[in-house]
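Engineer: Got a structure here, written out as structure tokens. Questions coming.
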Number of protein chains: 2
Amino acid sequence: MIEITGRSYIAGQWVNPAGDTFQSFNPYNKESMYSFASCGSDEIEQAARAAENAFQKLRKLGGETIGLFLNTVADEIEALGDQLLDVADSETGLGLVRLNGERGRTCGQLRAFAELVIKGEWVQASIDTAIPDRAPVPKPDLRRMMIGVGPVAVFGASNFPFAFSTPGGDTASALAAGNPVIVKGHPAHPATSELFAHAIATAAEKCAMPAGVFSLLQGAGYELGINLVKHPLVQAVGFTGSESGGRALMDMAAARPVPIPVYAEMGSINPLFVGPSTLEAQAEDIATGLSGSVCMGTGQFCTSPGLAVSVASETFETALRHKLSEAPRGYLLNPQIAGALQKGLWRLKNHPHVEWLNESGFDDGSMTPPNSVFKTRAKHFLTDKSLSEEVFGPVTLYVVCDNEAQIIQVAEALNGNLTASVHADEDMELAAKLYNILEQKAGRVIFNGYPTGVEVCPSQQHGGPYPASSVSGATSVGTGAIVRFARFVAYQGTPQVLLPDALKDENPLGIYRLINGELSKDRI
Amino acid sequence: MIEITGRSYIAGQWVNPAGDTFQSFNPYNKESMYSFASCGSDEIEQAARAAENAFQKLRKLGGETIGLFLNTVADEIEALGDQLLDVADSETGLGLVRLNGERGRTCGQLRAFAELVIKGEWVQASIDTAIPDRAPVPKPDLRRMMIGVGPVAVFGASNFPFAFSTPGGDTASALAAGNPVIVKGHPAHPATSELFAHAIATAAEKCAMPAGVFSLLQGAGYELGINLVKHPLVQAVGFTGSESGGRALMDMAAARPVPIPVYAEMGSINPLFVGPSTLEAQAEDIATGLSGSVCMGTGQFCTSPGLAVSVASETFETALRHKLSEAPRGYLLNPQIAGALQKGLWRLKNHPHVEWLNESGFDDGSMTPPNSVFKTRAKHFLTDKSLSEEVFGPVTLYVVCDNEAQIIQVAEALNGNLTASVHADEDMELAAKLYNILEQKAGRVIFNGYPTGVEVCPSQQHGGPYPASSVSGATSVGTGAIVRFARFVAYQGTPQVLLPDALKDENPLGIYRLINGELSKDRI
């Protein structure tokens, strides 16, 4: 068993910061647990300088070495065993089943990035060969590929203590691109983060990584995050959380003397559309599927379906009400989320044009919210922007449309979303119209499915138009996430000895490269 | 001959805006020429709405149709004949030889983007096939590709009236990705822009493009550009120009309720490093090459080499001084640039630690500046940030280092640049050290070459760390520029009939796709 000490981890050293202390909170018994001290500017400075030093070493390592490190991090996370699950459960209330699954996903994505960088093709190598006798001017030899950007700051997310926190997708993709990472641990699960820091530290030592490859700065309050984003050595930021939090970081990063990109994955209401004929044919099935998706993780997913859009259906409404009311209540992560959810429920409950179909109690201070379904008519949804606001928790709003035309109107009125789902087996013409709209509104469009459960694979797109994401084209899930932390560099007329392996004539990595515009594994 | 009317072109109509009028300026005789009226908010609104309408049609067209349109634009530009060259020359003073070359490049890049989108592979299609019986949860079918973002605002650049203005690289790449374009014409060459609008309008008509596919808003002053960037229907911005101008647009775009990306290609001093032994062996050759690069386009290139870093060499210094003094003076684009250059020369001339090696007159109001070389010692360059500031024009600063270590120090002290060049045939160890530093500082690293003359090809990277570019990983030259105006979208469990061609099972486009992580042209 690893002792939880409340320290932070900076470039190979465990440190005791001098800042304010804070405790993690157990949602099951509402008791305070582990005590942690907050890092300040001194710790940021140490971590950033060590990261920059490490970057100069990391960028000389090949994909094999980086891949081995990522695989070893996964191994060491598994070696933490049940302690990791138990500590995380006590800090999040997410339950062991979910956390076990999330650990699998977290290790899986570390290994997926390891495979990606060992293969080496992710750099998008491209070679244009010289034409020395071209008129009027010779064509030079040009070669281009992606390289890492430098130290990356990653903000842990409260709702994914593994997969989007200390060793999560942002960290894995940033490390994979050859960058050191400074994690600002989420204050809701600091002990979980500390355990991960042990695993990463062990892996770094086993793989002889430079010390600054990873640091974990613990802290409550906003100042630590703000100062981390402002540090001149930090080159990019990964964040998963609220729209207000993400936007604040975006604004700060944009205002730096040297602006840097913030890859923030923020709010989303994840609309689910059901065609009228499909609803008639599959009302109970869709109600069952939707309610399962709404309740998953106590609704604390960025992909939780907060909106169900269709025509009126008594069967669907009844089934949805029953399913959600019967589903066991889960625990919320922390009192802040419980308080925000209570406000959200209260706002909908008191809305003159919204009906709470399965109204149920949610006392002040309770951590176990009702799984709730509200109902409104499309004409109200279309005229009241507040009904498009995300309510984070197990809540969905059934928007009843008069007809297909109104379903389309609702789709057109949406802001950016991570996902949009369409159930339309019996409504394929409507489906085509909806796809045309929704692919402009969401990062991922799902047919006959539910948005929760985000597959980690190369074709995943977890990121959509603002406010779903800060950079709508970027994904924070799947191997495509690596390009966020890399940039292209071109080499002109450069001798073989000065070129990276990916661009050498003989193609030593054996990767596909764009050669004069055509993909090929050929040597030059 | 097309009559220059001073009008703007909005979505198929020539309009007379009611705003302030301005004239274009002839650098040869310093006379005012064509008179134009500035567009205002009404014109922005019309252009933006038409663009959004057009986008909904454009996104349904295949690559063949878009490609045909781009090819036709190139044809119609060529059909403008000598009038285009004559008008542009009178508005820019760039000379017919250069403008003829730039026209070739402009048409060439339109055709390169046509070829790219006809081929269709640029969308980075990726397919992960389903595993329905995977435990604990089935794996869904996921497919991902890039699609256009919507209306793009392009700011014309004064120094490239063709290749980075109305029909330039930003316009070509935005159109190629299926986006309508609203050009804010540069007020220094409005008649040139008007001619291009004719060509694009004719091409749009021939290819039955929706009217809003292209608009040209003419205007002097900042307000038009500001309001264009702020318009909610505008989804991205392309800009080439000064750091202050680019940063202002970045800041405005970041402050929008829905922030949008600005792809600004800004200032750069494009350092050129010469190894000590190489300088000894090739002093005259490098002086000749460098001075040619400095004088090209009267130094009005973003890639103009503003810094030459090496050890002391009397031969090099003398040769450079002679070459630059002997080179014919060119014309500057406009009085603003002349004024700024005069200030820059004055600042260097009066710097206590800088010597003007070939001091020469440049009277107030003159449009033909001296081709200038200044000299300083590395110790001064390293301690005075002002010596790193770009002086836009035919000017270079010879930074004399004591030794190799100091050459490396200068490299490490650099800000972001578009390019960095290394001449080091006889100094390969130093070259390796410089490459390691310069690939972190610049978008393109050049061996034994000069930075002017930016090849348009897939491996080009014209964009580097800030302040060279706003988005360091993006390129504004070469076919890689298209991804700036596209975003990824994923389709989950989606029937064939709802999928774009690029993602259909049978691979109707015959393109390479990433299938379960492996590039292949296979059908599913």
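Ligands are numbered from 1 in the order shown, chains are lettered A, B, ... in the order of the structure tokens, and residues start at 1 in each chain.
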DSSP on the backbone: which residues in stretch 280-449 of chain B end up as alpha helix (DSSP H)? Give the answer as a ChimeraX atom specification.
Structural biologist: /B:280-295,314-326,335-349,378-383,404-413,428-441
Engineer: Assign secondary structure with DSSP using the backbone only, and return the residues of stretch 291-522 of chain A in strand (DSSP E) as a PyMOL selection string.
Structural biologist: chain A and resi 307-311+355-356+372-377+395-401+417-423+442-447+486-492+513-515+518-520
Engineer: Would you write out, as a Markdown table, a table of all residues in chain B that have an atom no more than 6 Å from an atom of chain A, listing for each the closest atom pair and the distance in Å to one decimal, considering only C-alpha atoms and ordering rows by chain and rising residue number?
Structural biologist:
```
| residue | atom | partner | partner_atom | distance |
| --- | --- | --- | --- | --- |
| B:Ser126 | CA | A:Ser459 | CA | 5.3 |
| B:Ile127 | CA | A:Ser459 | CA | 5.8 |
| B:Asp128 | CA | A:Ser459 | CA | 6.0 |
| B:Leu142 | CA | A:Ser459 | CA | 5.7 |
| B:Arg143 | CA | A:Ser459 | CA | 5.2 |
| B:Arg144 | CA | A:Ser459 | CA | 4.9 |
| B:Gly443 | CA | A:Val489 | CA | 4.8 |
| B:Arg444 | CA | A:Ala490 | CA | 4.5 |
| B:Val445 | CA | A:Tyr491 | CA | 4.9 |
| B:Ile446 | CA | A:Gln492 | CA | 4.5 |
| B:Phe447 | CA | A:Thr494 | CA | 5.1 |
| B:Ser459 | CA | A:Arg144 | CA | 4.9 |
| B:Gln461 | CA | A:Ala490 | CA | 5.4 |
| B:Gly473 | CA | A:Arg487 | CA | 3.9 |
| B:Arg487 | CA | A:Gly473 | CA | 3.9 |
| B:Phe488 | CA | A:Gly473 | CA | 5.0 |
| B:Val489 | CA | A:Gly443 | CA | 4.8 |
| B:Ala490 | CA | A:Arg444 | CA | 4.5 |
| B:Tyr491 | CA | A:Val445 | CA | 4.9 |
| B:Gln492 | CA | A:Ile446 | CA | 4.5 |
| B:Gly493 | CA | A:Phe447 | CA | 5.4 |
| B:Thr494 | CA | A:Phe447 | CA | 5.1 |
```
Engineer: Residues within 10 Å of B:Ala340, please, as a list of chain:residue names. Count only C-alpha atoms; anything in the same chain fewer than 4 positions from it doesn't count.
Structural biologist: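 Residues meeting the cut-off are B:Pro335, B:Gln336, B:Gly344, B:Leu345, B:Trp346, B:Val391, B:Phe392, B:Gly393.
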Engineer: I need the residue nearest A:Ala308 from this list: A:Glu359, A:Ser325, A:Ser388, A:Val234. Use only C-alpha atoms for the distance.
Structural biologist: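 Using only C-alpha atoms, the shortest distance to A:Ala308 belongs to A:Ser388.
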Engineer: In Å, how far is it from atom CA of B:Gly245 to atom CA of B:Phe162?
Structural biologist: 19.7 Å
Engineer: My list of candidates is A:Ala135, A:Leu382, A:Leu175, A:Ala236. Which is closest to A:Ala204 when distances are computed with only C-alpha atoms?
Structural biologist: A:Leu175
Engineer: Atom CA of B:Pro190 to atom CA of B:Asp89: how many Å, to one decimal?
Structural biologist: 12.1 Å
Engineer: Pick out the closest residue to B:Gly365 from this set: B:Lys504, B:Arg7, B:Lys30, B:His231. Count only C-alpha atoms.
Structural biologist: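 Using only C-alpha atoms, B:Gly365 sits closest to B:Lys30.
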Engineer: Nearest to A:Ala176 among A:Leu68, A:Ala48, A:Leu80, A:Leu99, with distances taken over only C-alpha atoms: which residue is it?
Structural biologist: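 Of all the options, A:Leu68 lies closest to A:Ala176.
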Engineer: Please identify all polymer residues within 7 Å of stretch 219-223 of chain A, counting only C-alpha atoms, omitting same-chain residues fewer than 2 positions from it, and present them as a list of chain:residue names.
Structural biologist: A:Phe22, A:Ala37, A:Ser38, A:Cys39, A:Gly185, A:Pro187, A:Leu217, A:Gly225, A:Ile226, A:Asn227
Engineer: Could you please take those selected residues and save C-alpha atoms as a PDB file, in the first residue's frame?
Structural biologist:
```pdb
ATOM      1  CA  PHE A  22      -7.611  21.315   1.227  1.00  0.00           C
ATOM      2  CA  ALA A  37      -1.281  21.452   0.372  1.00  0.00           C
ATOM      3  CA  SER A  38      -1.683  23.692  -2.657  1.00  0.00           C
ATOM      4  CA  CYS A  39       1.187  24.468  -4.981  1.00  0.00           C
ATOM      5  CA  GLY A 185      -4.595  17.682 -10.305  1.00  0.00           C
ATOM      6  CA  PRO A 187      -8.908  19.012  -6.117  1.00  0.00           C
ATOM      7  CA  LEU A 217       0.800  20.014  -8.959  1.00  0.00           C
ATOM      8  CA  GLY A 225      -4.334  26.925 -12.873  1.00  0.00           C
ATOM      9  CA  ILE A 226      -4.210  30.535 -13.990  1.00  0.00           C
ATOM     10  CA  ASN A 227      -0.518  30.879 -13.257  1.00  0.00           C
TER      11      ASN A 227
END
```
